[in-house]
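What's in entry04.cif: mmCIF, C-alpha atoms and all ligand atoms
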data_final
loop_
_atom_site.label_atom_id
_atom_site.label_comp_id
_atom_site.auth_asym_id
_atom_site.auth_seq_id
_atom_site.Cartn_x
_atom_site.Cartn_y
_atom_site.Cartn_z
CA MET A 6 38.65 75.42 -18.69
CA GLN A 7 38.60 74.98 -22.48
CA SER A 8 40.74 72.29 -24.10
CA LEU A 9 42.53 73.15 -27.33
CA SER A 10 44.12 71.09 -30.10
CA ILE A 11 46.56 72.92 -32.36
CA LEU A 12 47.24 71.74 -35.90
CA GLY A 13 50.46 73.53 -36.85
CA SER A 14 51.67 74.17 -33.30
CA THR A 15 55.31 74.84 -34.25
CA GLY A 16 54.47 77.68 -36.65
CA SER A 17 54.05 81.40 -36.19
CA ILE A 18 50.33 81.23 -35.29
CA GLY A 19 50.65 77.98 -33.32
CA THR A 20 53.40 79.30 -31.05
CA GLN A 21 51.54 82.57 -30.45
CA ALA A 22 48.43 80.60 -29.47
CA LEU A 23 50.57 78.76 -26.94
CA GLU A 24 51.72 82.15 -25.58
CA ILE A 25 48.06 82.89 -24.85
CA VAL A 26 47.81 79.53 -23.05
CA ASP A 27 50.90 80.58 -21.02
CA LEU A 28 49.17 83.81 -20.02
CA HIS A 29 45.93 82.03 -19.03
CA PRO A 30 46.66 78.57 -17.66
CA ASP A 31 43.40 78.79 -15.70
CA LEU A 32 41.38 79.14 -18.94
CA PHE A 33 43.04 76.77 -21.42
CA SER A 34 44.51 73.29 -21.49
CA VAL A 35 46.19 71.64 -24.48
CA ALA A 36 44.60 68.43 -25.75
CA ALA A 37 46.81 67.76 -28.78
CA LEU A 38 49.64 69.31 -30.79
CA CYS A 39 50.53 68.56 -34.38
CA ALA A 40 53.48 69.73 -36.49
CA ARG A 41 54.95 68.68 -39.79
CA SER A 42 58.74 68.54 -39.42
CA GLN A 43 60.07 70.49 -36.42
CA LYS A 44 60.29 67.57 -34.04
CA GLU A 45 62.61 69.14 -31.44
CA LYS A 46 60.33 72.14 -31.12
CA LEU A 47 57.34 69.83 -30.78
CA PHE A 48 59.12 67.82 -28.07
CA GLN A 49 59.71 71.04 -26.11
CA GLN A 50 56.08 72.03 -26.50
CA ALA A 51 54.96 68.57 -25.37
CA ARG A 52 57.06 68.89 -22.19
CA ARG A 53 55.59 72.27 -21.39
CA TYR A 54 51.89 71.81 -22.26
CA HIS A 55 51.30 68.11 -21.48
CA PRO A 56 49.02 67.19 -24.41
CA ALA A 57 47.48 63.71 -24.44
CA VAL A 58 48.32 63.28 -28.14
CA CYS A 59 51.07 64.63 -30.40
CA GLY A 60 51.40 64.28 -34.17
CA LEU A 61 54.24 64.63 -36.64
CA VAL A 62 53.29 64.61 -40.32
CA ASP A 63 56.90 63.83 -41.31
CA PRO A 64 57.23 60.61 -39.31
CA VAL A 65 60.12 59.74 -36.99
CA PRO A 66 60.80 56.22 -35.64
CA GLU A 67 59.51 55.47 -32.14
CA SER A 68 63.10 55.19 -30.92
CA GLU A 69 63.51 58.95 -31.49
CA ILE A 70 60.72 59.87 -29.05
CA PRO A 71 62.47 61.04 -25.88
CA GLN A 72 62.00 58.78 -22.85
CA ASP A 73 60.16 61.41 -20.82
CA LEU A 74 57.57 61.84 -23.61
CA LYS A 75 56.79 58.16 -24.21
CA HIS A 76 53.61 58.34 -22.12
CA ILE A 77 52.07 60.63 -24.77
CA GLN A 78 50.18 59.03 -27.65
CA TRP A 79 52.20 59.76 -30.82
CA VAL A 80 50.61 59.73 -34.27
CA MET A 81 53.03 59.78 -37.17
CA GLY A 82 52.66 60.38 -40.90
CA PRO A 83 50.20 62.05 -43.23
CA GLU A 84 47.24 60.76 -41.22
CA ALA A 85 48.28 62.71 -38.12
CA LEU A 86 46.18 65.80 -38.89
CA HIS A 87 43.13 63.67 -39.62
CA ILE A 88 43.47 61.54 -36.48
CA ILE A 89 43.93 64.55 -34.21
CA ALA A 90 41.18 66.63 -35.81
CA ALA A 91 38.69 63.76 -35.92
CA GLN A 92 39.43 61.66 -32.86
CA VAL A 93 41.07 63.56 -30.01
CA PRO A 94 38.43 64.93 -27.62
CA CYS A 95 38.70 68.70 -27.14
CA ASP A 96 36.54 71.85 -27.15
CA MET A 97 38.38 73.77 -29.88
CA VAL A 98 40.68 73.01 -32.81
CA LEU A 99 43.00 75.75 -34.02
CA VAL A 100 43.81 75.04 -37.68
CA SER A 101 47.09 76.85 -38.33
CA VAL A 102 48.81 74.64 -40.88
CA VAL A 103 49.87 76.20 -44.19
CA GLY A 104 48.20 75.45 -47.50
CA ILE A 105 45.39 73.22 -48.71
CA ALA A 106 46.30 70.68 -45.97
CA GLY A 107 44.00 72.86 -43.86
CA LEU A 108 40.89 71.91 -45.85
CA PRO A 109 40.55 68.24 -44.84
CA ALA A 110 41.63 69.17 -41.30
CA VAL A 111 38.82 71.72 -40.97
CA MET A 112 36.27 69.31 -42.44
CA ASP A 113 37.39 66.56 -40.03
CA ALA A 114 37.15 68.87 -37.02
CA LEU A 115 33.67 70.01 -38.06
CA ASP A 116 32.58 66.41 -38.65
CA ALA A 117 33.61 65.77 -35.04
CA ARG A 118 31.48 68.81 -34.04
CA ARG A 119 34.41 70.79 -32.70
CA GLN A 120 34.63 74.57 -32.56
CA VAL A 121 37.11 75.53 -35.28
CA LEU A 122 39.42 78.52 -34.84
CA LEU A 123 40.57 79.23 -38.39
CA ALA A 124 43.94 80.73 -39.22
CA ASN A 125 44.45 78.65 -42.37
CA LYS A 126 42.86 80.71 -45.13
CA GLU A 127 43.41 78.10 -47.84
CA ALA A 128 40.59 75.94 -46.44
CA LEU A 129 38.08 78.66 -47.36
CA VAL A 130 39.88 79.66 -50.55
CA THR A 131 39.60 76.13 -51.92
CA GLY A 132 36.54 74.66 -50.22
CA GLY A 133 34.70 77.71 -48.82
CA HIS A 134 31.22 76.61 -49.86
CA LEU A 135 31.62 73.10 -48.39
CA VAL A 136 33.24 74.34 -45.15
CA MET A 137 30.61 77.03 -44.53
CA GLU A 138 27.79 74.58 -45.25
CA LYS A 139 29.17 72.09 -42.74
CA ALA A 140 29.86 74.68 -40.04
CA SER A 141 26.32 75.98 -40.39
CA ALA A 142 24.86 72.46 -40.34
CA ILE A 143 26.48 71.67 -36.99
CA GLY A 144 25.67 75.16 -35.63
CA LYS A 145 29.31 76.10 -34.93
CA PRO A 146 30.31 79.11 -37.02
CA LEU A 147 34.02 79.37 -37.69
CA LEU A 148 35.96 81.79 -35.49
CA PRO A 149 38.40 83.68 -37.75
CA VAL A 150 42.00 84.22 -36.66
CA ASP A 151 43.31 86.07 -39.73
CA SER A 152 43.62 89.64 -38.40
CA GLU A 153 41.47 91.32 -41.08
CA HIS A 154 38.71 88.76 -40.79
CA SER A 155 38.82 88.85 -37.02
CA ALA A 156 38.49 92.66 -37.28
CA ILE A 157 35.43 92.33 -39.53
CA PHE A 158 33.99 89.62 -37.28
CA GLN A 159 34.47 91.91 -34.25
CA CYS A 160 32.81 94.83 -36.05
CA LEU A 161 29.85 92.60 -36.91
CA GLN A 162 29.16 91.62 -33.31
CA THR A 163 26.85 94.58 -32.79
CA ARG A 164 25.11 94.42 -36.14
CA GLY A 165 21.79 92.91 -34.95
CA SER A 166 19.91 92.05 -38.11
CA ASN A 167 21.80 94.59 -40.26
CA PRO A 168 23.89 92.98 -42.98
CA PRO A 169 27.15 94.67 -43.95
CA VAL A 170 26.91 96.48 -47.29
CA ARG A 171 30.68 96.69 -47.83
CA LEU A 172 33.82 95.27 -46.29
CA LEU A 173 36.97 97.40 -46.23
CA LEU A 174 39.83 94.91 -46.19
CA THR A 175 43.05 96.63 -45.23
CA ALA A 176 46.50 95.62 -46.50
CA SER A 177 49.91 96.89 -45.47
CA GLY A 178 51.06 96.81 -49.10
CA GLY A 179 54.04 94.63 -48.15
CA PRO A 180 57.73 95.34 -48.71
CA PHE A 181 57.30 96.27 -52.41
CA ARG A 182 54.47 98.80 -51.98
CA THR A 183 56.54 101.66 -53.38
CA TRP A 184 58.74 99.64 -55.76
CA LYS A 185 58.71 99.91 -59.57
CA LYS A 186 57.30 96.95 -61.50
CA GLU A 187 60.64 95.95 -63.01
CA ASP A 188 62.30 95.95 -59.56
CA ILE A 189 59.48 93.85 -58.08
CA ASP A 190 59.89 91.35 -60.93
CA ARG A 191 63.57 90.89 -60.01
CA ALA A 192 63.19 90.90 -56.20
CA THR A 193 65.05 88.22 -54.20
CA PRO A 194 63.67 85.96 -51.44
CA ALA A 195 65.58 87.97 -48.80
CA GLN A 196 63.90 91.20 -50.00
CA ALA A 197 60.45 89.59 -50.19
CA LEU A 198 60.78 88.10 -46.70
CA ARG A 199 61.33 91.54 -45.12
CA HIS A 200 57.73 92.41 -44.16
CA PRO A 201 57.38 95.96 -42.80
CA ASN A 202 54.84 95.28 -40.01
CA TRP A 203 54.17 91.60 -39.33
CA SER A 204 56.40 88.68 -38.40
CA MET A 205 54.83 85.57 -39.98
CA GLY A 206 55.63 82.23 -41.60
CA GLN A 207 57.56 82.26 -44.90
CA LYS A 208 54.70 81.38 -47.25
CA ILE A 209 52.34 84.11 -46.06
CA THR A 210 55.20 86.63 -46.00
CA ILE A 211 55.94 86.01 -49.68
CA ASP A 212 52.18 86.18 -50.38
CA SER A 213 52.10 89.56 -48.65
CA ALA A 214 54.84 90.82 -50.95
CA SER A 215 53.00 89.67 -54.11
CA MET A 216 49.57 90.64 -52.70
CA PHE A 217 48.41 87.05 -53.20
CA ASN A 218 47.82 87.05 -49.45
CA LYS A 219 45.21 89.77 -49.93
CA ALA A 220 43.84 87.88 -52.94
CA LEU A 221 43.33 84.82 -50.73
CA GLU A 222 41.81 87.07 -48.05
CA ILE A 223 39.20 88.45 -50.48
CA MET A 224 38.16 84.83 -51.09
CA GLU A 225 38.23 84.07 -47.37
CA ALA A 226 36.04 87.11 -46.62
CA ARG A 227 33.60 86.23 -49.39
CA TRP A 228 32.85 82.91 -47.70
CA LEU A 229 33.10 83.89 -44.04
CA PHE A 230 30.78 86.87 -44.36
CA ASP A 231 28.72 85.87 -47.41
CA VAL A 232 29.55 89.09 -49.25
CA SER A 233 29.90 89.49 -53.01
CA PRO A 234 33.50 90.15 -54.12
CA ASP A 235 32.21 93.41 -55.67
CA ASN A 236 31.46 94.64 -52.15
CA ILE A 237 34.92 93.92 -50.77
CA GLN A 238 37.23 96.90 -51.19
CA VAL A 239 40.95 96.51 -50.58
CA VAL A 240 42.49 99.54 -48.89
CA ILE A 241 46.27 99.82 -48.74
CA HIS A 242 47.05 101.12 -45.26
CA PRO A 243 50.80 100.98 -44.60
CA GLN A 244 50.61 101.53 -40.82
CA SER A 245 48.55 98.32 -40.24
CA VAL A 246 46.62 99.97 -37.40
CA ILE A 247 43.12 99.63 -38.83
CA HIS A 248 42.79 95.88 -39.22
CA SER A 249 39.66 96.18 -41.40
CA ALA A 250 36.24 97.84 -41.36
CA VAL A 251 32.60 97.29 -42.20
CA GLU A 252 30.12 99.69 -43.77
CA PHE A 253 26.38 99.47 -43.02
CA ALA A 254 23.32 100.70 -44.94
CA ASP A 255 23.21 104.06 -43.17
CA GLY A 256 26.79 104.89 -44.21
CA ALA A 257 28.23 104.16 -40.77
CA VAL A 258 31.63 102.45 -40.90
CA LEU A 259 32.90 100.43 -37.93
CA ALA A 260 36.60 99.60 -37.79
CA GLN A 261 38.81 97.62 -35.42
CA LEU A 262 42.18 99.13 -34.51
CA GLY A 263 45.25 98.05 -32.59
CA VAL A 264 48.98 97.54 -32.91
CA PRO A 265 49.79 94.72 -35.35
CA ASP A 266 49.98 91.72 -33.01
CA MET A 267 48.47 88.35 -33.99
CA ARG A 268 48.00 87.42 -30.34
CA VAL A 269 44.97 89.75 -30.26
CA PRO A 270 42.89 87.97 -32.93
CA ILE A 271 44.16 84.57 -31.74
CA ALA A 272 43.01 85.26 -28.16
CA TYR A 273 39.70 86.71 -29.36
CA ALA A 274 38.96 83.45 -31.17
CA MET A 275 40.20 81.34 -28.25
CA HIS A 276 37.94 83.00 -25.67
CA PHE A 277 35.13 84.39 -27.83
CA PRO A 278 33.07 86.40 -27.00
CA ASP A 279 35.05 87.55 -23.96
CA ARG A 280 38.28 89.50 -24.19
CA ILE A 281 41.37 88.49 -22.23
CA SER A 282 44.84 89.99 -21.85
CA THR A 283 47.27 89.13 -24.65
CA GLY A 284 50.54 90.87 -23.81
CA SER A 285 49.96 93.21 -26.77
CA LYS A 286 51.23 96.79 -26.52
CA SER A 287 48.65 99.53 -26.09
CA LEU A 288 47.90 101.55 -29.24
CA ASP A 289 49.52 105.01 -29.10
CA LEU A 290 47.85 107.10 -31.81
CA PHE A 291 50.02 110.13 -30.96
CA GLU A 292 53.16 108.12 -31.61
CA ILE A 293 51.73 106.91 -34.95
CA GLY A 294 50.66 110.45 -35.87
CA SER A 295 48.78 109.77 -39.08
CA LEU A 296 46.98 106.93 -40.81
CA THR A 297 47.21 106.86 -44.60
CA PHE A 298 45.32 105.03 -47.33
CA GLU A 299 46.09 104.16 -50.96
CA ARG A 300 44.22 102.45 -53.78
CA GLU A 301 45.37 99.06 -55.04
CA ASP A 302 47.60 99.10 -58.14
CA PRO A 303 46.41 96.41 -60.57
CA VAL A 304 49.46 96.79 -62.81
CA ARG A 305 52.17 96.15 -60.24
CA PHE A 306 50.00 93.75 -58.18
CA PRO A 307 47.58 91.83 -60.46
CA ALA A 308 46.77 89.29 -57.70
CA LEU A 309 43.67 91.14 -56.49
CA SER A 310 42.05 91.34 -59.92
CA LEU A 311 42.84 87.65 -60.42
CA ALA A 312 41.08 86.84 -57.14
CA ARG A 313 37.93 88.69 -58.19
CA GLN A 314 37.99 87.00 -61.62
CA CYS A 315 38.28 83.58 -59.95
CA LEU A 316 35.40 84.26 -57.58
CA HIS A 317 33.22 85.36 -60.47
CA ALA A 318 34.29 82.36 -62.57
CA GLY A 319 33.28 79.98 -59.75
CA GLY A 320 34.01 76.25 -59.92
CA ALA A 321 37.55 75.43 -58.86
CA ALA A 322 39.17 78.64 -60.17
CA CYS A 323 40.18 79.76 -56.66
CA THR A 324 41.69 76.33 -55.99
CA VAL A 325 43.71 76.58 -59.21
CA LEU A 326 44.97 80.04 -58.22
CA ASN A 327 45.93 78.75 -54.78
CA GLY A 328 47.67 75.57 -55.98
CA ALA A 329 49.64 77.41 -58.67
CA ASN A 330 50.66 80.09 -56.17
CA GLU A 331 51.82 77.50 -53.59
CA GLU A 332 54.00 75.81 -56.21
CA ALA A 333 55.39 79.12 -57.47
CA VAL A 334 56.17 80.41 -53.96
CA ALA A 335 58.06 77.19 -53.16
CA ALA A 336 60.08 77.55 -56.40
CA PHE A 337 60.79 81.22 -55.62
CA LEU A 338 61.94 80.44 -52.06
CA ALA A 339 64.20 77.71 -53.47
CA GLY A 340 65.81 80.37 -55.66
CA ARG A 341 64.60 78.71 -58.86
CA ILE A 342 62.52 81.55 -60.34
CA PRO A 343 62.39 85.34 -60.16
CA PHE A 344 59.66 87.00 -58.08
CA GLY A 345 57.71 88.12 -61.15
CA ALA A 346 57.34 84.48 -62.26
CA ILE A 347 54.99 83.82 -59.31
CA THR A 348 52.19 85.87 -60.87
CA ARG A 349 52.95 84.56 -64.35
CA THR A 350 52.69 80.96 -63.06
CA VAL A 351 49.26 81.65 -61.55
CA MET A 352 48.03 83.30 -64.76
CA HIS A 353 49.31 80.38 -66.81
CA ALA A 354 47.47 77.83 -64.63
CA LEU A 355 44.22 79.84 -64.72
CA ASP A 356 44.52 80.07 -68.47
CA ARG A 357 45.12 76.32 -68.89
CA LEU A 358 42.47 75.18 -66.38
CA PRO A 359 39.59 77.61 -66.83
CA SER A 360 36.54 75.64 -65.74
CA LEU A 361 37.07 72.73 -63.40
CA PRO A 362 34.23 71.73 -61.06
CA ALA A 363 34.38 72.09 -57.25
CA ASP A 364 31.21 70.31 -56.20
CA THR A 365 32.92 67.82 -53.90
CA LEU A 366 36.13 67.59 -51.90
CA ASP A 367 37.44 65.15 -54.52
CA ASP A 368 36.80 67.71 -57.26
CA ILE A 369 38.80 70.26 -55.27
CA TYR A 370 41.73 67.91 -54.67
CA THR A 371 41.73 67.03 -58.40
CA ALA A 372 41.80 70.71 -59.35
CA ASP A 373 44.61 71.30 -56.85
CA ARG A 374 46.63 68.41 -58.31
CA LEU A 375 46.10 69.58 -61.91
CA ALA A 376 47.05 73.16 -60.98
CA ARG A 377 50.27 71.92 -59.37
CA GLU A 378 51.18 69.65 -62.30
CA THR A 379 50.52 72.43 -64.82
CA SER A 380 52.49 74.91 -62.72
CA ARG A 381 55.47 72.59 -62.16
CA LYS A 382 55.83 72.15 -65.92
CA TYR A 383 55.60 75.88 -66.46
CA LEU A 384 58.05 76.59 -63.62
CA ALA A 385 60.56 74.17 -65.09
CA SER A 386 60.33 76.11 -68.36
CA GLN A 387 60.91 79.39 -66.52
CA GLU A 388 63.98 78.38 -64.51
CA GLY A 389 66.88 80.56 -65.38
CA ALA A 390 64.65 82.55 -67.76
P1 LIG A 401 54.22 78.68 -40.43
O1 LIG A 401 54.91 78.25 -41.63
O2 LIG A 401 54.89 79.56 -39.46
O3 LIG A 401 53.70 77.40 -39.61
C1 LIG A 401 52.95 76.37 -40.20
C2 LIG A 401 52.70 75.25 -39.22
O4 LIG A 401 51.98 74.20 -39.85
C3 LIG A 401 53.96 74.62 -38.68
O5 LIG A 401 53.67 74.10 -37.41
C4 LIG A 401 54.23 73.49 -39.68
O6 LIG A 401 54.99 72.43 -39.12
C5 LIG A 401 52.82 73.03 -39.95
N1 LIG A 401 52.59 72.51 -41.30
C6 LIG A 401 52.96 73.08 -42.45
N2 LIG A 401 52.52 72.34 -43.49
C7 LIG A 401 51.87 71.28 -42.97
C8 LIG A 401 51.22 70.15 -43.52
N3 LIG A 401 51.16 69.94 -44.84
N4 LIG A 401 50.64 69.29 -42.68
C9 LIG A 401 50.71 69.48 -41.35
N5 LIG A 401 51.33 70.50 -40.76
C10 LIG A 401 51.90 71.40 -41.58
O7 LIG A 401 52.82 79.36 -40.91
P2 LIG A 401 51.97 80.50 -40.22
O8 LIG A 401 51.77 80.18 -38.78
O9 LIG A 401 52.49 81.81 -40.63
O10 LIG A 401 50.58 80.36 -40.99
C11 LIG A 401 49.66 79.30 -40.74
C12 LIG A 401 48.35 79.60 -41.46
O11 LIG A 401 47.79 80.78 -40.86
C13 LIG A 401 48.51 79.92 -42.94
O12 LIG A 401 47.40 79.44 -43.65
C14 LIG A 401 48.54 81.45 -42.99
O13 LIG A 401 48.07 81.96 -44.20
C15 LIG A 401 47.58 81.78 -41.84
N6 LIG A 401 47.83 83.09 -41.24
C16 LIG A 401 49.04 83.36 -40.63
C17 LIG A 401 49.29 84.59 -40.08
C18 LIG A 401 50.57 84.89 -39.37
O14 LIG A 401 50.70 85.98 -38.78
N7 LIG A 401 51.55 84.02 -39.37
C19 LIG A 401 48.27 85.66 -40.14
C20 LIG A 401 47.05 85.27 -40.74
C21 LIG A 401 46.84 84.01 -41.27
P3 LIG A 401 56.63 72.44 -39.10
O15 LIG A 401 57.04 73.88 -38.97
O16 LIG A 401 56.94 71.62 -37.89
O17 LIG A 401 57.11 71.83 -40.36
MG MG A 402 45.66 88.67 -42.79
#

Is it possible to give me this structure as structure tokens?
Ligand code: NDP
Ligand code: MG
Amino acid sequence: MQSLSILGSTGSIGTQALEIVDLHPDLFSVAALCARSQKEKLFQQARRYHPAVCGLVDPVPESEIPQDLKHIQWVMGPEALHIIAAQVPCDMVLVSVVGIAGLPAVMDALDARRQVLLANKEALVTGGHLVMEKASAIGKPLLPVDSEHSAIFQCLQTRGSNPPVRLLLTASGGPFRTWKKEDIDRATPAQALRHPNWSMGQKITIDSASMFNKALEIMEARWLFDVSPDNIQVVIHPQSVIHSAVEFADGAVLAQLGVPDMRVPIAYAMHFPDRISTGSKSLDLFEIGSLTFEREDPVRFPALSLARQCLHAGGAACTVLNGANEEAVAAFLAGRIPFGAITRTVMHALDRLPSLPADTLDDIYTADRLARETSRKYLASQEGA
């Protein structure tokens, strides 16, 4: 029996991880659950999974904790992630919060020598070098949950001493894959939230529409697999059946396939290296008929080129891209800016903050703060533009 803490239990990844616990109560127990604001959902989860500790980042007074849940230890406020990651005994911590909040959570869990299951890509985007160094120092490599990175990780299991020469990172292309640039620029939140293949949280769904999700994934892959960004090729693959692939020195390419269902990579990380049932549908290649592939379009989707530029620039450039994008996505979802202003906000921040250091966690948080301040000013100037 493996005990699991989930940071971000009320979200898309968190709830699907709990579905895997439902399927395998003999394999997993829940040590702790942490959410930000959805208290009623967290109360329901607490009743069902009996964690010893629960956290709510947006605090509620003790009087609001239901009577039947008072025996649980409740941690409230911004410290909740830290306390659960660092102090609650467990075998594995699934980090599935959104945004840079994942970085300190991952570092805390590694400091406590826990096995980290990583859904939150922003931890590697912003602090990849520090996270990878710490995971290697404690001898607990991260187990990726992001479907593309899980696919690559699965393909690498048989590699022996052969390093990958190229990663083929697949992308669905999102809802605007076939749209004209001027239509993309004017797209509404409702249009951007309509992802063709995956049902996910709001932030990552918008990132999929702008291709900033794939930009963050190039950064994530660079750190997880220690591959130069020049050897990571993005392949637009609208069917989302090939979840990614790896090429080796002899020209052989190994890919991982399946229906798009996040429970598969979540369960693989939860019970690595053994495979367990997930409730996922079986892949029917006859029903799909054909798999197609397209090149990225740097004019309509500049995010990928920006990601490569940031990785080559080094320092805190990736953190600046991420912070500016988070601010811009929030403004877009609030209806304050047009879709096209997301990319313009990121470019503006990169232009204004070209060479900040990222040697320490404090450097990274400073770069994140500066990127947000710069972007908020720019966004205010864009409203209604
Ligand atoms: P959701 O928005 O669905 O869920 C996020 C979860 O984290 C919720 O439980 C939320 O709490 C909590 N949360 C959000 N912000 C904070 C914060 N600052 N501090 C503490 N808790 C917080 O997101 P997803 O599940 O879609 O994504 C989670 C992460 O996984 C992201 O980094 C995403 O990029 C990555 N990912 C997601 C995939 C997917 O299919 N969804 C696929 C691959 C990667 P509450 O809702 O209670 O406010
Ligand atoms: Mg992904």

Task: Spatial neighbours of Val258 (chain A), max dist 10 Å, all atoms listed in the file, sep filter under 2 positions, as a ChimeraX atom specification - done: /A:160,169-173,250-256,260

Go ahead and write the residues just picked, C-alpha atoms, as a PDB file, in the coordinates of the input.
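Now in selection04.pdb:
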ATOM      1  CA  CYS A 160      32.810  94.830 -36.050  1.00  0.00           C
ATOM      2  CA  PRO A 169      27.150  94.670 -43.950  1.00  0.00           C
ATOM      3  CA  VAL A 170      26.910  96.480 -47.290  1.00  0.00           C
ATOM      4  CA  ARG A 171      30.680  96.690 -47.830  1.00  0.00           C
ATOM      5  CA  LEU A 172      33.820  95.270 -46.290  1.00  0.00           C
ATOM      6  CA  LEU A 173      36.970  97.400 -46.230  1.00  0.00           C
ATOM      7  CA  ALA A 250      36.240  97.840 -41.360  1.00  0.00           C
ATOM      8  CA  VAL A 251      32.600  97.290 -42.200  1.00  0.00           C
ATOM      9  CA  GLU A 252      30.120  99.690 -43.770  1.00  0.00           C
ATOM     10  CA  PHE A 253      26.380  99.470 -43.020  1.00  0.00           C
ATOM     11  CA  ALA A 254      23.320 100.700 -44.940  1.00  0.00           C
ATOM     12  CA  ASP A 255      23.210 104.060 -43.170  1.00  0.00           C
ATOM     13  CA  GLY A 256      26.790 104.890 -44.210  1.00  0.00           C
ATOM     14  CA  ALA A 260      36.600  99.600 -37.790  1.00  0.00           C
TER      15      ALA A 260
END

Task: Within 8 Å of ligand LIG 401 (chain A), counting all atoms listed in the file, residues as number ranges by chain - done: A: 12-20, 39-44, 46-47, 61-62, 83, 85-86, 100-107, 123-127, 150-152, 203-210, 218, 267

- [ ] Fewer than 4 positions away in the same chain doesn't count, so skip those; otherwise give me all residues within 8 Å of Trp79 (chain A), counting all atoms listed in the file, as a ChimeraX atom specification.
- [x] /A:58-61

As a compact mmCIF listing (two decimals) with C-alpha atoms, in the coordinates of the input, please: the residues near His76 (chain A) (cut-off 12 Å, only C-alpha atoms, same-chain neighbours under 5 positions excluded).
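The resulting file, result_12.txt, is reproduced below:
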# COMPACT_ATOMS: atom_id res chain seq x y z
CA ALA A 51 54.96 68.57 -25.37
CA ARG A 52 57.06 68.89 -22.19
CA HIS A 55 51.30 68.11 -21.48
CA PRO A 56 49.02 67.19 -24.41
CA ALA A 57 47.48 63.71 -24.44
CA VAL A 58 48.32 63.28 -28.14
CA CYS A 59 51.07 64.63 -30.40
CA GLU A 67 59.51 55.47 -32.14
CA ILE A 70 60.72 59.87 -29.05
CA PRO A 71 62.47 61.04 -25.88

Who sits within 12 Å of Asp367 (chain A), all atoms listed in the file, same chain under 5 positions skipped, as a tab-separated table (two decimals) with C-alpha atoms, keeping the file's coordinate frame:
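What follows is the written file out-v3.tsv:
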chain	number	residue	atom	x	y	z
A	108	LEU	CA	40.89	71.91	-45.85
A	109	PRO	CA	40.55	68.24	-44.84
A	131	THR	CA	39.60	76.13	-51.92
A	132	GLY	CA	36.54	74.66	-50.22
A	135	LEU	CA	31.62	73.10	-48.39
A	321	ALA	CA	37.55	75.43	-58.86
A	361	LEU	CA	37.07	72.73	-63.40
A	362	PRO	CA	34.23	71.73	-61.06
A	372	ALA	CA	41.80	70.71	-59.35
A	373	ASP	CA	44.61	71.30	-56.85
A	374	ARG	CA	46.63	68.41	-58.31

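Note that the spacing between CA of Val121 (chain A) and CA of Ala329 (chain A) amounts to 26.6 Å.
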
TODO: Neighbourhood query: residues within 12 Å of (54.4, 93.4, -47.7), file coordinates, counting all atoms listed in the file; return as number ranges by chain.
DONE: A: 176-184, 189, 196-205, 207, 209-219, 241-245, 306

Open item on the list: I want to know what sits within 10 Å of Val264 (chain A), based on only C-alpha atoms, with residues of the same chain fewer than 2 positions away left out; could you give that as a PyMOL selection string?
Closed with: chain A and resi 202+244-248+262+266-267+269+285-290+293

- [ ] Name the closest residue to Pro94 (chain A) among the candidates A:Ser141, A:Val80, A:Pro64, A:Ala37; distances are taken between atoms, counting all atoms listed in the file.
- [x] A:Ala37

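When all atoms listed in the file are used to compute distances to ligand MG 402 (chain A), the closest of the residues A:Gly82, A:Pro30, A:Gly144, A:Pro265 turns out to be A:Pro265.
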